[in-house]
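Take a look at the structure below.
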Amino acid sequence: AQRFATVDHHQREAFVALRDTPRIVSLKTQHTLIGAAASAALDLDHAEAALLYQSLLVDSARRHSMSAYLVPALDHLAWIELRLQRYGDAQRHIDEAARENDTNAPALRRALDARLAQVQGAAALRIDPGKAVASLTEAIDAAKKPEYATFLAVLLAERAEAFARMGNAAAAEADRREALRRLHEEEARMLRDRKPGEDDDRWNFYFSRFEETYDLLIRQLIGEGRVEEAFRVAERARAFEPLDLVRNLPTAPAAFRELAAQPDNLDISRLRALLPPGTFLVEYRVFDDKTYAWIAGRDVFYDQRYAHNL
């Protein structure tokens with residue numbers, strides 16, 4: 001319910017408007033509504049529901065020979081199928097999209113090939129890290145476009161893990177730093193023109209796109225015993241957007257603005273010194289299989305891990 005509340009209001013309206021789709025004469029409007037519902041379902045991690053909506057959209061475009069709608073609809077359908085690990089179906093729809101529109105095929109093929117290479121890299125990660133590095137490098141090369149900034153950060157984080165499994169610590173660290181740099185650039189770009197009070201709730205939804213990459217990086221750092229660095233990344237992921245909002249308020253103290261402008265330089269020792277004796281700060285990061293907790297007090301700082309009962 002909390003995640004649904006953060007979905008952009010246009011997407012919430014799309015779910016409601018779907019009831020009237022059969023009575024809408026314009027195919028363009030029908031496709032817009034169904035596509036918005038598919039995107040909203042995917043953003044809410046309901047990939048099976050997204051698959052149903054997107055399949056309806058593809059079938060409609062096929063029936064009415066609407067190539068201009070069919071190609072991007074097939075693109076999005078293939079991406080949903082990759083999320084569901086339906087690789088054969090995804091490849092089939094990639095091939096169909098390429099046949100439908102030769103003009104757009106090179107760009108479309110490049111984008112979807114990057115996604116397929118990502119899947120191949122993930123599949124090889126535990127049994128052949130070298131193969132995973134090769135696949136992910138192929139995906140990174142195909143995704144070096146400004147519009148793929150968030151996707152590229154995910155790929156870099158995944159390749160960092162593959163390098164780490166190969167024992168190449170320097171390459172893993174370089175990819176982690178590059179992933180964080182690209183994430184931070186994208187976050188700053190998104191917030192550059194925001195004004196306090198303008199649809200503040202929607203920013204939580206937009207920033208949820210970065211959580212996958214942050215989670216990958218945090219798990220890697222904790223796995224290497226770099227607990228404090230993992231804590232800094234977790235704090236950056238959680239606090240950057242609201243800090244940006246507060247520091248731009250006219251009433252924000254100058255000292256706070258200066259501190260908030262450098263969210264990557266969290267001084268844990270200074271933080272602990274500010275805590276009263278007997279007071280502890282607990283920061284959680286919840287994953288599918290376990291929860292990490294950092295516990296900070298005036299004289300202590302350590303992490304705790306809790307496995308979920310699945």
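Scheme for the structure tokens: letters A, B, ... for chains in order shown; per-chain residue numbers from 1; ligand numbers from 1 in order shown.
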
For Ala49 in chain A, list every protein, DNA or RNA residue within 12 Å, evaluated using only C-alpha atoms, and leave out those in the same chain fewer than 4 positions away; present the list as number ranges by chain.
A: 15, 34-35, 37-45, 53-56, 77, 80-81, 84

Residues near Leu180 in chain A, anyone? I mean within 12 Å using only C-alpha atoms, not counting same-chain ones fewer than 6 positions away, as number ranges by chain.
A: 149-150, 152-157, 160, 173-174, 186-187, 210-211, 213-218, 232-234, 236-237, 264

Written selection (N, CA and C atoms) as a JSON list (two decimals), in the first residue's frame:
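This is the output file out14.json:
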```
[["chain", "number", "residue", "atom", "x", "y", "z"],
["A", 149, "ALA", "N", 20.89, 5.88, -18.37],
["A", 149, "ALA", "CA", 21.77, 6.17, -17.24],
["A", 149, "ALA", "C", 21.51, 5.26, -16.05],
["A", 150, "THR", "N", 20.25, 5.07, -15.69],
["A", 150, "THR", "CA", 19.93, 4.24, -14.53],
["A", 150, "THR", "C", 20.25, 2.78, -14.80],
["A", 152, "LEU", "N", 22.47, 1.63, -16.87],
["A", 152, "LEU", "CA", 23.91, 1.49, -16.93],
["A", 152, "LEU", "C", 24.51, 1.37, -15.53],
["A", 153, "ALA", "N", 23.98, 2.10, -14.58],
["A", 153, "ALA", "CA", 24.47, 2.00, -13.20],
["A", 153, "ALA", "C", 24.23, 0.59, -12.65],
["A", 154, "VAL", "N", 23.09, 0.01, -12.96],
["A", 154, "VAL", "CA", 22.80, -1.37, -12.53],
["A", 154, "VAL", "C", 23.83, -2.32, -13.14],
["A", 155, "LEU", "N", 24.09, -2.18, -14.42],
["A", 155, "LEU", "CA", 25.04, -3.06, -15.11],
["A", 155, "LEU", "C", 26.44, -2.95, -14.49],
["A", 156, "LEU", "N", 26.86, -1.74, -14.18],
["A", 156, "LEU", "CA", 28.17, -1.55, -13.57],
["A", 156, "LEU", "C", 28.25, -2.20, -12.20],
["A", 157, "ALA", "N", 27.18, -2.08, -11.43],
["A", 157, "ALA", "CA", 27.16, -2.71, -10.10],
["A", 157, "ALA", "C", 27.20, -4.24, -10.23],
["A", 160, "ALA", "N", 30.67, -5.26, -11.16],
["A", 160, "ALA", "CA", 31.55, -5.15, -9.99],
["A", 160, "ALA", "C", 31.52, -6.45, -9.18],
["A", 173, "GLU", "N", 36.19, -2.38, -7.60],
["A", 173, "GLU", "CA", 36.09, -1.08, -6.94],
["A", 173, "GLU", "C", 35.85, 0.02, -7.98],
["A", 174, "ALA", "N", 36.52, -0.06, -9.12],
["A", 174, "ALA", "CA", 36.34, 0.95, -10.16],
["A", 174, "ALA", "C", 34.91, 0.95, -10.67],
["A", 186, "GLU", "N", 22.56, 11.27, -12.03],
["A", 186, "GLU", "CA", 21.16, 11.17, -12.44],
["A", 186, "GLU", "C", 20.24, 11.76, -11.38],
["A", 187, "GLU", "N", 20.55, 11.50, -10.10],
["A", 187, "GLU", "CA", 19.76, 12.08, -9.02],
["A", 187, "GLU", "C", 19.81, 13.61, -9.05],
["A", 210, "PHE", "N", 16.33, 3.79, -8.37],
["A", 210, "PHE", "CA", 17.74, 3.62, -8.06],
["A", 210, "PHE", "C", 17.98, 2.55, -6.99],
["A", 211, "GLU", "N", 16.92, 2.07, -6.36],
["A", 211, "GLU", "CA", 17.09, 1.18, -5.21],
["A", 211, "GLU", "C", 17.82, -0.11, -5.57],
["A", 213, "THR", "N", 20.19, -0.69, -7.72],
["A", 213, "THR", "CA", 21.63, -0.50, -7.80],
["A", 213, "THR", "C", 22.23, -0.27, -6.42],
["A", 214, "TYR", "N", 21.59, 0.58, -5.63],
["A", 214, "TYR", "CA", 22.09, 0.81, -4.28],
["A", 214, "TYR", "C", 22.14, -0.49, -3.48],
["A", 215, "ASP", "N", 21.09, -1.31, -3.60],
["A", 215, "ASP", "CA", 21.06, -2.57, -2.85],
["A", 215, "ASP", "C", 22.21, -3.49, -3.26],
["A", 216, "LEU", "N", 22.48, -3.57, -4.56],
["A", 216, "LEU", "CA", 23.61, -4.39, -5.02],
["A", 216, "LEU", "C", 24.92, -3.92, -4.41],
["A", 217, "LEU", "N", 25.14, -2.61, -4.43],
["A", 217, "LEU", "CA", 26.40, -2.05, -3.92],
["A", 217, "LEU", "C", 26.52, -2.24, -2.42],
["A", 218, "ILE", "N", 25.44, -2.03, -1.70],
["A", 218, "ILE", "CA", 25.47, -2.19, -0.24],
["A", 218, "ILE", "C", 25.79, -3.63, 0.14],
["A", 232, "ARG", "N", 27.36, 4.44, 4.74],
["A", 232, "ARG", "CA", 27.34, 5.74, 4.05],
["A", 232, "ARG", "C", 26.52, 5.66, 2.77],
["A", 233, "VAL", "N", 26.69, 4.57, 2.02],
["A", 233, "VAL", "CA", 25.92, 4.41, 0.78],
["A", 233, "VAL", "C", 24.43, 4.29, 1.09],
["A", 234, "ALA", "N", 24.08, 3.52, 2.14],
["A", 234, "ALA", "CA", 22.68, 3.35, 2.52],
["A", 234, "ALA", "C", 22.07, 4.69, 2.94],
["A", 236, "ARG", "N", 23.07, 7.66, 2.00],
["A", 236, "ARG", "CA", 22.97, 8.48, 0.79],
["A", 236, "ARG", "C", 21.72, 8.12, 0.00],
["A", 237, "ALA", "N", 21.48, 6.81, -0.14],
["A", 237, "ALA", "CA", 20.31, 6.35, -0.89],
["A", 237, "ALA", "C", 19.02, 6.78, -0.23],
["A", 264, "ASP", "N", 27.80, 12.51, 0.58],
["A", 264, "ASP", "CA", 28.68, 11.35, 0.50],
["A", 264, "ASP", "C", 29.78, 11.38, 1.55]]
```

Residue with smallest distance to Val58 in chain A - pool A:Leu70, A:Ala293, A:Ala169, A:Ala143, counting only C-alpha atoms
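That would be A:Leu70, the residue with the smallest distance to Val58 in chain A.
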
Could you list, as a VMD selection string, every residue within 8 Å of Leu125 in chain A, counting only C-alpha atoms and ignoring same-chain residues fewer than 6 positions away?
chain A and resid 131 to 132 162

Selected residues written out with all heavy atoms, as an mmCIF file, in the first residue's frame:
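Contents of the output file part00.cif:
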```
data_model
loop_
_atom_site.group_PDB
_atom_site.id
_atom_site.type_symbol
_atom_site.label_atom_id
_atom_site.label_comp_id
_atom_site.auth_asym_id
_atom_site.auth_seq_id
_atom_site.Cartn_x
_atom_site.Cartn_y
_atom_site.Cartn_z
ATOM 1 N N LYS A 131 32.765 -15.308 -17.632
ATOM 2 C CA LYS A 131 31.730 -15.201 -18.658
ATOM 3 C C LYS A 131 30.741 -14.094 -18.308
ATOM 4 O O LYS A 131 30.263 -13.372 -19.193
ATOM 5 C CB LYS A 131 31.008 -16.533 -18.801
ATOM 6 C CG LYS A 131 29.943 -16.551 -19.892
ATOM 7 C CD LYS A 131 29.298 -17.919 -20.008
ATOM 8 C CE LYS A 131 28.203 -17.912 -21.089
ATOM 9 N NZ LYS A 131 27.545 -19.247 -21.192
ATOM 10 N N ALA A 132 30.428 -13.972 -17.011
ATOM 11 C CA ALA A 132 29.522 -12.912 -16.571
ATOM 12 C C ALA A 132 30.108 -11.540 -16.879
ATOM 13 O O ALA A 132 29.400 -10.642 -17.348
ATOM 14 C CB ALA A 132 29.244 -13.041 -15.077
ATOM 15 N N ALA A 162 30.781 -9.423 -10.348
ATOM 16 C CA ALA A 162 31.458 -10.459 -11.132
ATOM 17 C C ALA A 162 32.976 -10.329 -11.008
ATOM 18 O O ALA A 162 33.690 -11.333 -10.849
ATOM 19 C CB ALA A 162 31.018 -10.370 -12.590
#
```

What separation in Å, quoted to one decimal, exists between CA of Met166 in chain A and CA of Asp128 in chain A?
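Distance between the two atoms: 8.8 Å.
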